[in-house]
$ cat coords-v1.csv   # CSV, C-alpha atoms
chain,number,residue,atom,x,y,z
N,58,MET,CA,0.0,0.0,0.0
N,59,THR,CA,1.4,3.4,-0.9
N,60,ILE,CA,1.7,6.3,1.6
N,61,TYR,CA,-1.2,8.1,-0.2
N,62,GLU,CA,-3.4,5.0,0.0
N,63,GLN,CA,-2.6,4.7,3.8
N,64,LEU,CA,-3.3,8.4,4.3
N,65,THR,CA,-6.6,8.1,2.4
N,66,GLU,CA,-7.7,5.4,4.9
N,67,VAL,CA,-6.7,7.6,7.9
N,68,PHE,CA,-8.4,10.7,6.4
N,69,ARG,CA,-11.6,8.7,5.6
N,70,ASP,CA,-11.8,7.3,9.1
N,71,PHE,CA,-11.0,10.6,10.7
N,72,PHE,CA,-13.4,12.8,8.8
N,73,ASP,CA,-16.0,10.0,8.5
N,74,ASP,CA,-16.1,10.5,4.7
N,75,GLU,CA,-15.6,7.4,2.5
N,76,HIS,CA,-15.2,9.5,-0.6
N,77,LEU,CA,-12.1,11.4,0.6
N,78,VAL,CA,-8.9,10.8,-1.4
N,79,ALA,CA,-5.6,12.0,0.0
N,80,THR,CA,-3.9,13.7,-2.9
N,81,PRO,CA,-0.6,15.8,-2.7
N,82,GLU,CA,-2.6,19.1,-3.2
N,83,LEU,CA,-5.3,18.3,-0.5
N,84,SER,CA,-5.1,20.8,2.3
N,85,SER,CA,-7.2,22.2,5.2
N,86,ASN,CA,-8.8,24.7,2.7
N,87,ASP,CA,-10.6,21.7,1.0
N,88,ILE,CA,-12.2,20.2,4.1
N,89,ALA,CA,-14.5,22.3,6.3
N,90,LEU,CA,-13.9,20.2,9.4
N,91,TRP,CA,-10.1,20.4,9.1
N,92,ASP,CA,-9.5,23.3,11.5
N,93,SER,CA,-6.5,23.9,13.7
N,94,LEU,CA,-7.6,21.6,16.5
N,95,ASN,CA,-8.7,18.9,14.2
N,96,HIS,CA,-5.4,19.2,12.5
N,97,ILE,CA,-3.6,18.1,15.7
N,98,ARG,CA,-6.0,15.2,16.1
N,99,LEU,CA,-5.5,14.2,12.5
N,100,MET,CA,-1.7,14.3,12.8
N,101,ILE,CA,-1.8,12.1,16.0
N,102,ALA,CA,-4.0,9.6,14.0
N,103,VAL,CA,-1.4,9.7,11.2
N,104,GLU,CA,1.4,9.1,13.7
N,105,ALA,CA,-0.5,6.1,15.1
N,106,ALA,CA,-1.2,4.7,11.6
N,107,PHE,CA,2.4,5.0,10.5
N,108,GLY,CA,4.1,4.2,13.8
N,109,VAL,CA,6.1,7.5,13.7
N,110,GLU,CA,6.3,10.7,15.8
N,111,LEU,CA,6.1,14.0,14.1
N,112,LYS,CA,7.9,17.1,15.5
N,113,THR,CA,5.7,19.9,16.8
N,114,GLU,CA,6.9,22.2,14.0
N,115,GLU,CA,6.2,19.5,11.5
N,116,ILE,CA,2.6,19.4,12.7
N,117,THR,CA,2.0,23.1,13.0
N,118,ASN,CA,3.8,24.2,9.7
N,119,LEU,CA,2.3,21.6,7.4
N,120,LYS,CA,0.8,23.1,4.2
N,121,ASN,CA,-0.7,20.1,2.4
N,122,VAL,CA,-0.8,16.3,2.2
N,123,GLY,CA,2.1,16.3,-0.2
N,124,GLU,CA,4.4,17.8,2.5
N,125,LEU,CA,3.0,15.3,5.0
N,126,ALA,CA,3.7,12.4,2.6
N,127,ASN,CA,7.3,13.6,2.2
N,128,ILE,CA,7.9,13.8,5.9
N,129,LEU,CA,6.4,10.3,6.4
N,130,GLU,CA,8.5,8.9,3.6
N,131,ASN,CA,11.7,10.2,5.2
N,132,LYS,CA,10.7,8.9,8.6
N,133,THR,CA,9.6,5.5,7.5
N,134,HIS,CA,12.8,5.0,5.4
N,135,SER,CA,15.3,6.3,8.0
J,237,MET,CA,-25.8,40.5,11.7
J,238,LYS,CA,-24.3,44.0,11.6
J,239,ASN,CA,-22.2,43.7,14.7
J,240,PHE,CA,-21.1,40.2,14.0
J,241,GLU,CA,-20.0,41.2,10.5
J,242,ILE,CA,-17.8,44.0,12.0
J,243,ILE,CA,-15.9,41.3,14.0
J,244,ALA,CA,-16.0,38.7,11.2
J,245,ASN,CA,-14.5,41.2,8.8
J,246,LEU,CA,-11.6,42.0,11.2
J,247,LEU,CA,-11.1,38.2,11.6
J,248,LYS,CA,-10.9,37.9,7.8
J,249,GLU,CA,-8.2,40.5,7.7
J,250,ILE,CA,-6.2,39.0,10.6
J,251,TRP,CA,-6.8,35.3,10.1
J,252,PRO,CA,-8.4,34.6,6.7
J,253,GLU,CA,-8.1,30.8,7.0
J,254,HIS,CA,-10.2,30.8,10.2
J,255,HIS,CA,-12.7,33.2,8.7
J,256,ALA,CA,-13.2,30.8,5.8
J,257,LYS,CA,-14.1,27.9,8.2
J,258,LEU,CA,-16.4,30.2,10.1
J,259,THR,CA,-18.3,31.2,7.0
J,260,SER,CA,-19.4,27.6,6.4
J,261,GLU,CA,-20.6,27.3,10.0
J,262,ILE,CA,-22.5,30.6,10.0
J,263,CYS,CA,-24.5,29.5,6.9
J,264,GLN,CA,-26.1,26.7,9.0
J,265,LEU,CA,-27.3,29.0,11.9
J,266,SER,CA,-30.9,29.4,12.8
J,267,SER,CA,-32.3,32.9,12.9
J,268,ASP,CA,-32.4,32.7,16.8
J,269,ASP,CA,-28.7,31.7,16.8
J,270,ALA,CA,-27.9,34.5,14.4
J,271,PHE,CA,-29.7,37.1,16.6
J,272,LEU,CA,-27.9,36.0,19.8
J,273,LEU,CA,-24.5,35.9,18.0
J,274,ASP,CA,-25.1,39.5,16.9
J,275,TYR,CA,-26.1,40.4,20.4
J,276,ILE,CA,-22.8,38.9,21.8
J,277,ALA,CA,-20.9,40.7,19.1
J,278,GLU,CA,-22.5,44.0,20.1
J,279,LYS,CA,-21.3,43.4,23.7
J,280,ILE,CA,-17.8,42.5,22.6
J,281,ILE,CA,-17.6,45.7,20.5
J,282,LEU,CA,-18.7,47.8,23.5
J,283,ILE,CA,-16.2,46.1,25.8
J,284,LYS,CA,-13.2,46.3,23.5
J,285,LYS,CA,-13.9,49.6,21.8
J,286,ASP,CA,-10.8,50.8,19.9
J,287,LYS,CA,-8.9,47.7,21.0
J,288,LEU,CA,-11.2,45.3,19.1
J,289,LYS,CA,-8.6,44.5,16.4
J,290,GLN,CA,-6.0,43.7,19.0
J,291,ALA,CA,-8.5,41.5,20.8
J,292,ILE,CA,-8.9,39.5,17.6
J,293,LYS,CA,-5.2,39.2,17.2
J,294,ASN,CA,-5.1,38.0,20.8
J,295,TYR,CA,-7.8,35.4,19.9
J,296,LYS,CA,-5.6,34.1,17.1
J,297,GLN,CA,-2.6,33.9,19.6
J,298,THR,CA,-4.8,32.2,22.2
J,299,CYS,CA,-5.8,29.5,19.6
J,300,ALA,CA,-2.1,29.0,18.8
J,301,VAL,CA,-1.4,28.4,22.6
J,302,ILE,CA,-4.3,26.0,22.8
J,303,VAL,CA,-3.0,24.1,19.8
J,304,GLN,CA,0.2,23.5,21.8
J,305,GLU,CA,-1.8,22.2,24.7
J,306,GLU,CA,-3.8,20.0,22.3
J,307,ILE,CA,-0.6,18.4,21.1
J,308,HIS,CA,0.4,17.6,24.7
J,309,PHE,CA,-3.1,16.3,25.5
J,310,ARG,CA,-3.3,14.0,22.5
J,311,ARG,CA,0.2,12.6,23.2
J,312,THR,CA,-0.2,12.1,26.9
J,313,GLN,CA,-4.0,11.9,27.5
J,314,SER,CA,-3.4,14.5,30.3
J,315,TYR,CA,-3.3,18.2,30.8
J,316,ARG,CA,0.1,19.8,31.0
J,317,LEU,CA,-0.3,21.6,34.3
J,318,LYS,CA,-1.1,19.6,37.4
J,319,THR,CA,-1.4,22.1,40.3
J,320,GLU,CA,-3.0,25.4,41.0
J,321,GLN,CA,0.4,26.7,42.1
J,322,GLN,CA,1.8,26.0,38.6
J,323,ALA,CA,-1.2,27.7,37.0
J,324,ASP,CA,-0.8,30.7,39.3
J,325,THR,CA,3.0,31.0,38.6
J,326,GLU,CA,2.8,30.4,34.8
J,327,ILE,CA,-0.6,32.0,33.9
J,328,TYR,CA,-2.5,33.9,36.5
J,329,SER,CA,0.4,36.0,37.7
J,330,ASN,CA,1.5,36.7,34.1
J,331,SER,CA,-0.5,39.9,33.4
J,332,SER,CA,0.5,40.2,29.8
J,333,PHE,CA,-0.4,36.6,29.1
J,334,MET,CA,-3.7,37.0,30.9
J,335,ASP,CA,-4.5,40.1,28.9
J,336,MET,CA,-4.0,38.1,25.7
J,337,TYR,CA,-5.7,35.0,27.0
J,338,LEU,CA,-8.8,36.8,28.4
J,339,ASP,CA,-9.3,38.6,25.1
J,340,GLY,CA,-9.1,35.3,23.3
J,341,LEU,CA,-11.7,33.7,25.6
J,342,LEU,CA,-14.0,36.7,25.1
J,343,ILE,CA,-13.8,36.4,21.3
J,344,SER,CA,-14.3,32.6,21.6
J,345,GLN,CA,-17.8,33.3,22.9
J,346,LEU,CA,-18.6,34.2,19.3
J,347,PHE,CA,-16.5,31.7,17.3
J,348,TRP,CA,-16.6,28.5,19.3
J,349,SER,CA,-20.0,27.0,19.1
J,350,ASN,CA,-19.9,25.2,22.5
J,351,HIS,CA,-19.2,28.5,24.2
J,352,PHE,CA,-21.9,30.3,22.3
J,353,LYS,CA,-24.4,27.5,23.0
J,354,VAL,CA,-23.7,27.5,26.7
J,355,PHE,CA,-24.4,31.3,26.8
J,356,GLN,CA,-27.6,30.7,24.9
J,357,PHE,CA,-28.7,28.0,27.4
J,358,PHE,CA,-27.7,30.3,30.3
J,359,CYS,CA,-29.9,33.1,28.9
J,360,SER,CA,-32.9,31.1,27.7
J,361,SER,CA,-33.2,28.7,30.6
J,362,PHE,CA,-31.3,29.7,33.7
J,363,LEU,CA,-32.0,33.5,33.5
J,364,THR,CA,-35.6,32.8,32.7
J,365,GLN,CA,-36.0,30.6,35.8
J,366,ILE,CA,-34.4,33.0,38.2
J,367,SER,CA,-36.2,36.0,36.8
J,368,LYS,CA,-39.6,34.3,37.3
J,369,ASP,CA,-39.0,34.0,41.1
J,370,ASP,CA,-38.6,37.3,42.8
J,371,THR,CA,-37.7,35.7,46.1
J,372,LEU,CA,-34.3,34.9,44.5
J,373,ASN,CA,-32.4,38.0,45.3
J,374,ARG,CA,-28.7,37.4,45.8
J,375,PHE,CA,-26.5,36.1,43.0
J,376,VAL,CA,-22.8,35.3,42.7
J,377,GLU,CA,-20.6,34.3,39.8
J,378,ILE,CA,-17.3,32.5,40.7
J,379,GLY,CA,-14.6,33.4,38.2
J,380,PRO,CA,-16.6,35.9,36.1
J,381,GLY,CA,-13.8,36.3,33.6
J,382,HIS,CA,-15.1,38.1,30.5
J,383,GLY,CA,-18.1,39.3,32.4
J,384,LEU,CA,-20.7,38.4,29.8
J,385,PHE,CA,-22.8,36.1,32.2
J,386,LEU,CA,-22.7,38.6,35.0
J,387,SER,CA,-23.6,41.6,32.8
J,388,GLU,CA,-26.6,39.6,31.4
J,389,ILE,CA,-27.9,39.0,34.9
J,390,VAL,CA,-27.5,42.7,35.9
J,391,LYS,CA,-29.2,43.8,32.6
J,392,LYS,CA,-32.2,41.5,33.0
J,393,LEU,CA,-32.5,41.7,36.8
J,394,PRO,CA,-31.1,45.1,37.8
J,395,SER,CA,-32.7,45.3,41.3
J,396,ARG,CA,-31.1,42.1,42.6
J,397,GLU,CA,-27.8,41.9,44.4
J,398,CYS,CA,-24.9,40.6,42.3
J,399,LEU,CA,-21.3,39.6,43.3
J,400,GLY,CA,-18.3,38.3,41.5
J,401,TYR,CA,-15.5,36.3,43.2
J,402,ASP,CA,-12.2,35.7,41.5
J,403,ILE,CA,-8.8,34.6,42.7
J,404,SER,CA,-7.0,36.3,39.8
J,405,GLU,CA,-6.6,40.1,40.0
J,406,SER,CA,-5.9,40.3,36.2
J,407,SER,CA,-9.1,38.4,35.4
J,408,LEU,CA,-11.1,40.6,37.8
J,409,ARG,CA,-9.7,43.7,36.2
J,410,HIS,CA,-11.0,42.5,32.8
J,411,THR,CA,-14.4,41.7,34.4
J,412,SER,CA,-14.6,45.2,35.9
J,413,GLN,CA,-13.6,46.9,32.7
J,414,ALA,CA,-16.3,44.9,30.8
J,415,LEU,CA,-19.0,45.7,33.3
J,416,GLN,CA,-18.1,49.4,33.1
J,417,SER,CA,-18.2,49.3,29.3
J,418,LEU,CA,-21.6,47.6,29.4
J,419,GLU,CA,-22.8,50.2,32.0
J,420,CYS,CA,-23.6,47.7,34.7
J,421,ALA,CA,-20.6,48.0,37.0
J,422,ALA,CA,-22.5,49.9,39.6
J,423,ASN,CA,-24.8,46.9,40.3
J,424,VAL,CA,-22.0,44.4,40.9
J,425,GLN,CA,-19.6,43.9,43.7
J,426,LEU,CA,-16.4,42.3,42.6
J,427,ILE,CA,-14.2,40.6,45.2
J,428,ASN,CA,-10.6,39.5,44.7
J,429,LYS,CA,-10.7,36.4,47.0
J,430,ASP,CA,-10.1,32.7,46.8
J,431,ILE,CA,-13.5,31.0,46.8
J,432,TYR,CA,-12.0,28.5,49.4
J,433,ASN,CA,-12.1,31.4,51.8
J,434,LEU,CA,-15.7,32.4,51.2
J,435,PRO,CA,-17.2,33.4,54.6
J,436,THR,CA,-19.6,30.8,56.0
J,437,ASP,CA,-22.4,33.3,56.5
J,438,GLN,CA,-22.5,34.2,52.8
J,439,ASN,CA,-25.6,32.6,51.2
J,440,PHE,CA,-26.8,33.0,47.6
J,441,ASP,CA,-30.0,32.3,45.7
J,442,ALA,CA,-28.1,31.7,42.5
J,443,ILE,CA,-24.5,30.6,41.9
J,444,ILE,CA,-22.9,30.7,38.4
J,445,LEU,CA,-19.8,28.5,38.0
J,446,SER,CA,-18.8,28.6,34.4
J,447,GLU,CA,-15.5,27.1,33.3
J,448,VAL,CA,-14.0,27.0,36.8
J,449,LEU,CA,-13.9,23.4,38.0
J,450,GLU,CA,-11.3,22.4,35.5
J,451,HIS,CA,-8.9,25.0,36.9
J,452,LEU,CA,-8.9,23.3,40.3
J,453,GLU,CA,-6.9,20.4,41.8
J,454,ALA,CA,-9.9,19.2,43.9
J,455,PRO,CA,-13.1,20.5,42.2
J,456,GLN,CA,-15.3,18.4,44.4
J,457,GLU,CA,-14.2,20.4,47.5
J,458,ILE,CA,-15.4,23.6,46.0
J,459,LEU,CA,-18.7,22.1,44.8
J,460,THR,CA,-19.3,20.7,48.3
J,461,LYS,CA,-18.4,24.1,49.8
J,462,LEU,CA,-20.8,25.9,47.4
J,463,SER,CA,-23.6,23.5,48.4
J,464,HIS,CA,-23.4,25.1,51.9
J,465,HIS,CA,-23.8,28.6,50.4
J,466,LEU,CA,-26.8,27.9,48.2
J,467,THR,CA,-30.3,28.7,49.7
J,468,PRO,CA,-32.8,25.8,49.6
J,469,LYS,CA,-34.7,27.3,46.6
J,470,GLY,CA,-31.5,28.5,45.0
J,471,LEU,CA,-30.1,27.5,41.6
J,472,LEU,CA,-26.6,26.6,40.5
J,473,PHE,CA,-25.6,27.1,36.9
J,474,ILE,CA,-22.6,25.0,36.1
J,475,ASN,CA,-20.6,24.7,32.9
J,476,VAL,CA,-17.6,22.4,32.7
J,477,PRO,CA,-15.6,21.4,29.5
J,478,VAL,CA,-14.7,17.8,29.0
J,479,CYS,CA,-11.4,16.9,27.2
J,480,SER,CA,-10.5,20.6,26.8
J,481,PRO,CA,-6.8,21.2,27.0
J,482,ALA,CA,-5.9,24.9,27.7
J,483,PRO,CA,-2.9,26.6,29.3
J,484,ASP,CA,-4.5,26.8,32.8
J,485,HIS,CA,-6.6,23.7,32.9
J,486,ILE,CA,-5.6,21.2,35.6
J,487,TYR,CA,-8.4,18.8,36.3
J,488,LEU,CA,-9.3,16.5,33.4
J,489,PHE,CA,-12.9,15.5,33.1
J,490,LYS,CA,-12.9,12.7,30.4
J,491,THR,CA,-16.6,12.2,29.9
J,492,PRO,CA,-19.8,14.2,30.5
J,493,ASN,CA,-20.9,11.5,33.0
J,494,GLU,CA,-17.9,12.3,35.2
J,495,VAL,CA,-19.1,15.9,35.5
J,496,GLN,CA,-22.7,14.8,36.3
J,497,ASP,CA,-21.4,12.2,38.8
J,498,MET,CA,-19.3,14.9,40.6
J,499,ILE,CA,-22.2,17.3,40.8
J,500,THR,CA,-24.5,14.8,42.3
J,501,SER,CA,-21.9,13.5,44.7
J,502,CYS,CA,-21.4,17.0,46.1
J,503,GLY,CA,-24.9,17.6,47.3
J,504,PHE,CA,-26.8,18.8,44.2
J,505,ARG,CA,-29.4,17.3,42.0
J,506,VAL,CA,-29.4,18.1,38.3
J,507,ASN,CA,-32.6,19.7,37.0
J,508,GLU,CA,-31.5,20.2,33.4
J,509,THR,CA,-28.4,19.3,31.4
J,510,ARG,CA,-27.1,20.1,28.0
J,511,TYR,CA,-24.1,18.8,26.1
J,512,PHE,CA,-22.5,21.1,23.6
J,513,PRO,CA,-19.8,19.6,21.4
J,514,MET,CA,-17.0,21.7,19.9
J,515,THR,CA,-17.6,23.4,16.5
J,516,GLY,CA,-18.2,20.9,13.7
J,517,TYR,CA,-18.8,17.8,15.9
J,518,SER,CA,-21.9,15.8,16.7
J,519,LEU,CA,-22.2,14.7,20.3
J,520,GLU,CA,-21.6,11.1,19.3
J,521,ARG,CA,-18.5,11.9,17.3
J,522,ALA,CA,-17.1,14.2,20.0
J,523,ILE,CA,-17.5,11.4,22.6
J,524,LYS,CA,-15.9,8.8,20.3
J,525,SER,CA,-12.9,11.0,19.5
J,526,GLN,CA,-12.5,12.7,22.9
J,527,ALA,CA,-13.2,16.1,21.4
J,528,THR,CA,-14.2,19.0,23.7
J,529,ILE,CA,-17.8,18.9,25.0
J,530,SER,CA,-19.2,21.7,27.2
J,531,VAL,CA,-21.4,20.2,29.9
J,532,ALA,CA,-23.9,22.8,31.2
J,533,ALA,CA,-26.4,22.1,33.9
J,534,ILE,CA,-28.9,23.8,36.1
J,535,CYS,CA,-28.9,22.3,39.6
J,536,GLN,CA,-30.5,22.6,43.0
J,537,LEU,CA,-29.6,21.2,46.4
J,538,SER,CA,-30.5,17.6,46.7
J,539,THR,CA,-33.1,17.1,49.5

$ encode --input "coords-v1.csv" --output "structure tokens"
Amino acid sequence: MTIYEQLTEVFRDFFDDEHLVATPELSSNDIALWDSLNHIRLMIAVEAAFGVELKTEEITNLKNVGELANILENKTHS
Amino acid sequence: MKNFEIIANLLKEIWPEHHAKLTSEICQLSSDDAFLLDYIAEKIILIKKDKLKQAIKNYKQTCAVIVQEEIHFRRTQSYRLKTEQQADTEIYSNSSFMDMYLDGLLISQLFWSNHFKVFQFFCSSFLTQISKDDTLNRFVEIGPGHGLFLSEIVKKLPSRECLGYDISESSLRHTSQALQSLECAANVQLINKDIYNLPTDQNFDAIILSEVLEHLEAPQEILTKLSHHLTPKGLLFINVPVCSPAPDHIYLFKTPNEVQDMITSCGFRVNETRYFPMTGYSLERAIKSQATISVAAICQLST
């Protein structure tokens, strides 16, 4: 399973929306429920799904799913 | 929504991403909700006057602080601070932080649906009940903070005696300034005192305890103490957030039932309860994902 496929599963479960697809361009602007507090919860869910820990600045500075996928790729291959 | 739009437009200028989220929420409001939101906005404009823009910047900063607390909470399932002493040293004694934080909490009354809904419940149910009984004459709010609840009582029931107790001098200064701006300071006695030291001869026909218990190490002690200060016909309005990390929150209530159980174990019976999940959440989803829920209740002494 690719990182984007895994992220799609996490996002669908978190936002309770089976039609969501995690694309590199997807950002908080595209999902009404994705506000600053939900962002934290979402990132903690991502951490659990991937078995990694994100740094605080990685969580708070994230711009879109593409950036998240890059961070996860680096962490899971290091 | 004239007053609300003034604040929303400033928010759009200062924090456009948050404004965009807000717009989708506002579209779903009933006309009653919209009316009350505009009423709160009018009060906020009167309170902050020419410092309104700074207050909205402070709201943005408060949200950033809460995000940091949220990260800690999600990782550890606990609040960062454990003692009242820590909260006093780090938060309550830090007047510049308190100025920022209290502005943030004032603005949150407008933009956080759980805060707004609690105020609506307070006005429509609690205030209606105490205004119908003219034998209820002496009211107190513990930790009046932004002053919106206290000012509403004074406005609706100007002839009754109102007091506000707060351990934080900074917080009380904000309350005092808000009451002056809303032209109801003359009807309220504000007292800078720890509620643990409330004299035993002080009795009240209504006690308002909104967002206080989570700031205490042993909230059951205060609740029990307050049960000795409420008159037999008196009413307690209580509002407690569940799973709500914030820089000065100490006691973690994990479920709405924990709040209800504590209230009833401290000598009260609950007449009415409302659960208000945070913006964008259904109650079911908030419970499942441990998102913030405000638990508001109207209580009397258990017989």

$ residues_around --input "coords-v1.csv" --residues "N:Glu130" --least-positions-apart "6" --cutoff "12 Å" --atoms "all atoms listed in the file" --output "list in words"
Thr59, Ile60, Tyr61, Gln63, Leu64, Phe107, Val109, Leu111, Val122, Gly123 and Glu124 of chain N

$ write_last_selection --input "coords-v1.csv" --atoms "C-alpha atoms" --output "PDB file, keeping the file's coordinate frame"
ATOM      1  CA  THR N  59       1.400   3.400  -0.900  1.00  0.00           C
ATOM      2  CA  ILE N  60       1.700   6.300   1.600  1.00  0.00           C
ATOM      3  CA  TYR N  61      -1.200   8.100  -0.200  1.00  0.00           C
ATOM      4  CA  GLN N  63      -2.600   4.700   3.800  1.00  0.00           C
ATOM      5  CA  LEU N  64      -3.300   8.400   4.300  1.00  0.00           C
ATOM      6  CA  PHE N 107       2.400   5.000  10.500  1.00  0.00           C
ATOM      7  CA  VAL N 109       6.100   7.500  13.700  1.00  0.00           C
ATOM      8  CA  LEU N 111       6.100  14.000  14.100  1.00  0.00           C
ATOM      9  CA  VAL N 122      -0.800  16.300   2.200  1.00  0.00           C
ATOM     10  CA  GLY N 123       2.100  16.300  -0.200  1.00  0.00           C
ATOM     11  CA  GLU N 124       4.400  17.800   2.500  1.00  0.00           C
TER      12      GLU N 124
END

$ residues_around --input "coords-v1.csv" --residues "J:Asp324" --least-positions-apart "5" --cutoff "10 Å" --atoms "only C-alpha atoms" --output "ChimeraX atom specification"
/J:319,329-330,403-404,484

$ closest_residue --input "coords-v1.csv" --among "J:Asn350, J:Gln304, J:Gln345, J:Ser266" --to "chain N" --atoms "only C-alpha atoms"
J:Gln304

$ residues_around --input "coords-v1.csv" --residues "J:Phe333" --least-positions-apart "6" --cutoff "12 Å" --atoms "all atoms listed in the file" --output "count of residues only"
16

$ closest_residue --input "coords-v1.csv" --among "N:Arg98, N:Lys120, N:Lys112, N:Lys132" --to "chain J" --atoms "all atoms listed in the file"
N:Arg98

$ interface_residues --input "coords-v1.csv" --of "chain J" --to "chain N" --cutoff "8 Å" --atoms "all atoms listed in the file" --output "short mmCIF file (atom, residue, chain, number, x, y, z; two decimals) with C-alpha atoms, in the frame of the given file"
data_model
loop_
_atom_site.label_atom_id
_atom_site.label_comp_id
_atom_site.auth_asym_id
_atom_site.auth_seq_id
_atom_site.Cartn_x
_atom_site.Cartn_y
_atom_site.Cartn_z
CA GLU J 253 -8.10 30.80 7.00
CA HIS J 254 -10.20 30.80 10.20
CA LYS J 257 -14.10 27.90 8.20
CA SER J 260 -19.40 27.60 6.40
CA VAL J 303 -3.00 24.10 19.80
CA GLU J 306 -3.80 20.00 22.30
CA ILE J 307 -0.60 18.40 21.10
CA ARG J 310 -3.30 14.00 22.50
CA ARG J 311 0.20 12.60 23.20
CA GLY J 516 -18.20 20.90 13.70
#

$ residues_around --input "coords-v1.csv" --residues "J:Leu258" --least-positions-apart "3" --cutoff "10 Å" --atoms "all atoms listed in the file" --output "PyMOL selection string"
(chain N and resi 89+92) or (chain J and resi 244+247-248+252-255+261-263+347-348+515)

$ closest_residue --input "coords-v1.csv" --among "J:Pro481, J:Gln456, J:Asn475, J:Thr500" --to "J:Thr312" --atoms "all atoms listed in the file"
J:Pro481

$ atom_distance --input "coords-v1.csv" --atom1 "atom CA of N:Asn131" --atom2 "atom CA of N:Val103"
14.4 Å

$ closest_residue --input "coords-v1.csv" --among "J:Leu445, J:Cys359, J:Leu434, J:Leu386" --to "J:Ala421" --atoms "all atoms listed in the file"
J:Leu386

$ atom_distance --input "coords-v1.csv" --atom1 "atom CA of J:Cys420" --atom2 "atom CA of J:Gly383"
10.3 Å

$ atom_distance --input "coords-v1.csv" --atom1 "atom CA of J:Val376" --atom2 "atom CA of J:Ile499"
18.1 Å

$ closest_residue --input "coords-v1.csv" --among "J:Leu399, J:Val495, J:Met336, J:Leu418" --to "J:Lys279" --atoms "all atoms listed in the file"
J:Leu418

$ closest_residue --input "coords-v1.csv" --among "J:Leu449, J:Ser387, J:Leu346, J:Asn493" --to "J:Tyr511" --atoms "all atoms listed in the file"
J:Asn493

$ residues_near_point --input "coords-v1.csv" --point "(-17.0, 36.5, 37.8)" --cutoff "8 Å" --atoms "only C-alpha atoms" --output "number ranges by chain"
J: 376-383, 386, 399-402, 408, 411, 426

$ write_last_selection --input "coords-v1.csv" --atoms "C-alpha atoms" --output "compact mmCIF listing (two decimals), in the coordinates of the input"
# COMPACT_ATOMS: atom_id res chain seq x y z
CA VAL J 376 -22.80 35.30 42.70
CA GLU J 377 -20.60 34.30 39.80
CA ILE J 378 -17.30 32.50 40.70
CA GLY J 379 -14.60 33.40 38.20
CA PRO J 380 -16.60 35.90 36.10
CA GLY J 381 -13.80 36.30 33.60
CA HIS J 382 -15.10 38.10 30.50
CA GLY J 383 -18.10 39.30 32.40
CA LEU J 386 -22.70 38.60 35.00
CA LEU J 399 -21.30 39.60 43.30
CA GLY J 400 -18.30 38.30 41.50
CA TYR J 401 -15.50 36.30 43.20
CA ASP J 402 -12.20 35.70 41.50
CA LEU J 408 -11.10 40.60 37.80
CA THR J 411 -14.40 41.70 34.40
CA LEU J 426 -16.40 42.30 42.60
